[in-house]
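What follows is entry-v4.cif (mmCIF, C-alpha atoms).
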data_run
#
loop_
_atom_site.label_atom_id
_atom_site.label_comp_id
_atom_site.auth_asym_id
_atom_site.auth_seq_id
_atom_site.Cartn_x
_atom_site.Cartn_y
_atom_site.Cartn_z
CA MET A 1 -8.51 -5.65 13.77
CA GLU A 2 -9.49 -4.75 10.23
CA SER A 3 -8.64 -7.27 7.53
CA PHE A 4 -8.61 -7.25 3.76
CA HIS A 5 -9.16 -9.85 1.07
CA LEU A 6 -6.62 -9.82 -1.75
CA GLU A 7 -7.09 -11.92 -4.86
CA LEU A 8 -3.87 -12.89 -6.62
CA THR A 9 -3.23 -15.04 -9.65
CA PRO A 10 -0.82 -17.91 -8.99
CA ALA A 11 1.98 -15.96 -10.71
CA GLN A 12 1.25 -12.85 -8.61
CA MET A 13 1.23 -14.99 -5.47
CA LYS A 14 4.62 -16.48 -6.35
CA ILE A 15 6.15 -13.03 -6.93
CA THR A 16 4.61 -11.64 -3.74
CA HIS A 17 5.86 -14.61 -1.71
CA ALA A 18 9.38 -14.16 -3.13
CA ALA A 19 9.34 -10.44 -2.34
CA LEU A 20 8.20 -11.03 1.25
CA ARG A 21 10.85 -13.75 1.75
CA SER A 22 13.48 -11.37 0.39
CA MET A 23 12.35 -8.64 2.78
CA LEU A 24 12.46 -11.09 5.70
CA ASP A 25 16.00 -12.13 4.77
CA ASP A 26 17.13 -8.48 4.69
CA PHE A 27 15.94 -7.53 8.18
CA GLY A 28 18.37 -7.83 11.07
CA HIS A 29 17.93 -8.46 14.77
CA GLU A 30 16.99 -4.86 15.49
CA GLU A 31 13.84 -5.17 13.35
CA ARG A 32 12.37 -8.21 15.12
CA ASP A 33 8.87 -6.72 15.09
CA VAL A 34 8.97 -6.31 11.30
CA GLY A 35 10.34 -9.84 10.90
CA ARG A 36 7.55 -11.20 13.06
CA LEU A 37 4.95 -9.38 10.96
CA LEU A 38 6.50 -10.70 7.73
CA ARG A 39 6.45 -14.27 9.11
CA ASP A 40 2.78 -13.81 10.06
CA VAL A 41 1.95 -12.75 6.50
CA LEU A 42 4.03 -15.55 4.94
CA ALA A 43 2.21 -18.09 7.12
CA LYS A 44 -0.97 -17.24 5.20
CA PHE A 45 0.57 -18.50 1.95
CA PRO A 46 0.60 -22.12 0.80
CA ASP A 47 3.71 -24.11 1.75
CA ALA A 48 6.99 -23.16 0.05
CA GLU A 49 7.01 -26.27 -2.16
CA THR A 50 3.59 -25.37 -3.58
CA VAL A 51 4.67 -21.79 -4.26
CA ARG A 52 7.93 -22.95 -5.89
CA ALA A 53 5.94 -25.22 -8.22
CA ILE A 54 4.03 -22.30 -9.74
CA ASP A 55 5.13 -21.80 -13.35
CA LEU A 56 5.49 -18.14 -14.29
CA THR A 57 5.88 -18.87 -18.01
CA PRO A 58 2.19 -18.53 -18.98
CA ALA A 59 1.88 -15.19 -17.19
CA LEU A 60 5.09 -13.87 -18.72
CA GLN A 61 4.08 -14.95 -22.22
CA ARG A 62 0.80 -13.01 -22.02
CA ARG A 63 2.65 -9.72 -21.45
CA PRO A 64 3.75 -7.69 -24.48
CA ASP A 65 7.47 -7.01 -24.67
CA ALA A 66 8.58 -3.67 -23.27
CA ALA A 67 10.98 -3.20 -26.19
#
Target encoding structure tokens, full file:
Amino acid sequence: MESFHLELTPAQMKITHAALRSMLDDFGHEERDVGRLLRDVLAKFPDAETVRAIDLTPALQRRPDAA
């Protein structure tokens, strides 16, 4: 199996983790294979408490306003 290395900042990791959790929550029983794959990917992340503790404020303050 081919694998890839992906470098994420802590803020990017938190957003990615949240997006994957959201996807997992949206899949029903008929998509068990997708749910299993999402759980496999999420298992590669630090524990949920560690991810929750990541502060997005510094990353958001570095971005110029869209307005």
### Task
Could you state which residues are captured by the PyMOL selection byres ((chain A and resi 21) around 12) in this file, as an NGL selection string?
:A and (14-20 or 22-27 or 35 or 37-43 or 45 or 48 or 51)
### Atomic distance atom CA of Gln12 of chain A - atom CA of Asp33 of chain A, expressed in Å with one decimal
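Answer for the atom CA of Gln12 of chain A to atom CA of Asp33 of chain A separation: 25.6 Å.
With only C-alpha atoms as the atoms that count, the minimum distance from Leu60 of chain A to the choices A:Asp47, A:Arg36, A:Ala11, A:Glu31 is reached by A:Ala11.
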#### Entry: Shortest interatomic distance to Pro58 of chain A - which of A:Pro10, A:Lys44, A:Glu2, A:Val34, counting all atoms listed in the file
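Under the stated criterion, the closest residue is A:Pro10.
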### Message
Just the number, please: distance in Å from atom CA of Glu49 of chain A to atom CA of Met13 of chain A, one decimal.
### Response
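Taking atom CA of Glu49 of chain A as the start and atom CA of Met13 of chain A as the end point, the length is 13.1 Å.
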### Query
Interatomic distance between atom CA of Thr50 of chain A and atom CA of Arg62 of chain A?
22.4 Å
Atom completion result for segment 39-59 of chain A (N, CA and C atoms) as a short mmCIF file (atom, residue, chain, number, x, y, z; two decimals), in the frame of the given file:
data_model
loop_
_atom_site.label_atom_id
_atom_site.label_comp_id
_atom_site.auth_asym_id
_atom_site.auth_seq_id
_atom_site.Cartn_x
_atom_site.Cartn_y
_atom_site.Cartn_z
N ARG A 39 6.70 -12.84 8.92
CA ARG A 39 6.45 -14.27 9.11
C ARG A 39 4.96 -14.55 9.25
N ASP A 40 4.24 -13.65 9.93
CA ASP A 40 2.78 -13.81 10.06
C ASP A 40 2.10 -13.78 8.69
N VAL A 41 2.53 -12.86 7.84
CA VAL A 41 1.95 -12.75 6.50
C VAL A 41 2.33 -13.98 5.67
N LEU A 42 3.58 -14.39 5.71
CA LEU A 42 4.03 -15.55 4.94
C LEU A 42 3.31 -16.83 5.38
N ALA A 43 2.93 -16.90 6.62
CA ALA A 43 2.21 -18.09 7.12
C ALA A 43 0.84 -18.24 6.46
N LYS A 44 0.33 -17.19 5.87
CA LYS A 44 -0.97 -17.24 5.20
C LYS A 44 -0.87 -17.83 3.79
N PHE A 45 0.34 -17.95 3.28
CA PHE A 45 0.57 -18.50 1.95
C PHE A 45 0.60 -20.02 2.00
N PRO A 46 0.40 -20.67 0.85
CA PRO A 46 0.60 -22.12 0.80
C PRO A 46 2.06 -22.44 1.16
N ASP A 47 2.34 -23.72 1.39
CA ASP A 47 3.71 -24.11 1.75
C ASP A 47 4.68 -23.75 0.62
N ALA A 48 5.96 -23.62 0.99
CA ALA A 48 6.99 -23.16 0.05
C ALA A 48 7.09 -24.06 -1.18
N GLU A 49 6.92 -25.36 -1.02
CA GLU A 49 7.01 -26.27 -2.16
C GLU A 49 5.90 -25.98 -3.17
N THR A 50 4.71 -25.70 -2.70
CA THR A 50 3.59 -25.37 -3.58
C THR A 50 3.86 -24.07 -4.33
N VAL A 51 4.38 -23.08 -3.63
CA VAL A 51 4.67 -21.79 -4.26
C VAL A 51 5.79 -21.95 -5.29
N ARG A 52 6.83 -22.73 -4.95
CA ARG A 52 7.93 -22.95 -5.89
C ARG A 52 7.44 -23.63 -7.17
N ALA A 53 6.43 -24.47 -7.07
CA ALA A 53 5.94 -25.22 -8.22
C ALA A 53 5.14 -24.37 -9.21
N ILE A 54 4.80 -23.17 -8.84
CA ILE A 54 4.03 -22.30 -9.74
C ILE A 54 4.91 -21.89 -10.91
N ASP A 55 4.41 -22.13 -12.11
CA ASP A 55 5.13 -21.80 -13.35
C ASP A 55 4.75 -20.38 -13.79
N LEU A 56 5.73 -19.52 -13.87
CA LEU A 56 5.49 -18.14 -14.29
C LEU A 56 5.40 -17.98 -15.81
N THR A 57 5.80 -18.98 -16.56
CA THR A 57 5.88 -18.87 -18.01
C THR A 57 4.58 -18.40 -18.65
N PRO A 58 3.43 -19.00 -18.32
CA PRO A 58 2.19 -18.53 -18.98
C PRO A 58 1.91 -17.05 -18.72
N ALA A 59 2.13 -16.60 -17.51
CA ALA A 59 1.88 -15.19 -17.19
C ALA A 59 2.85 -14.28 -17.92
#
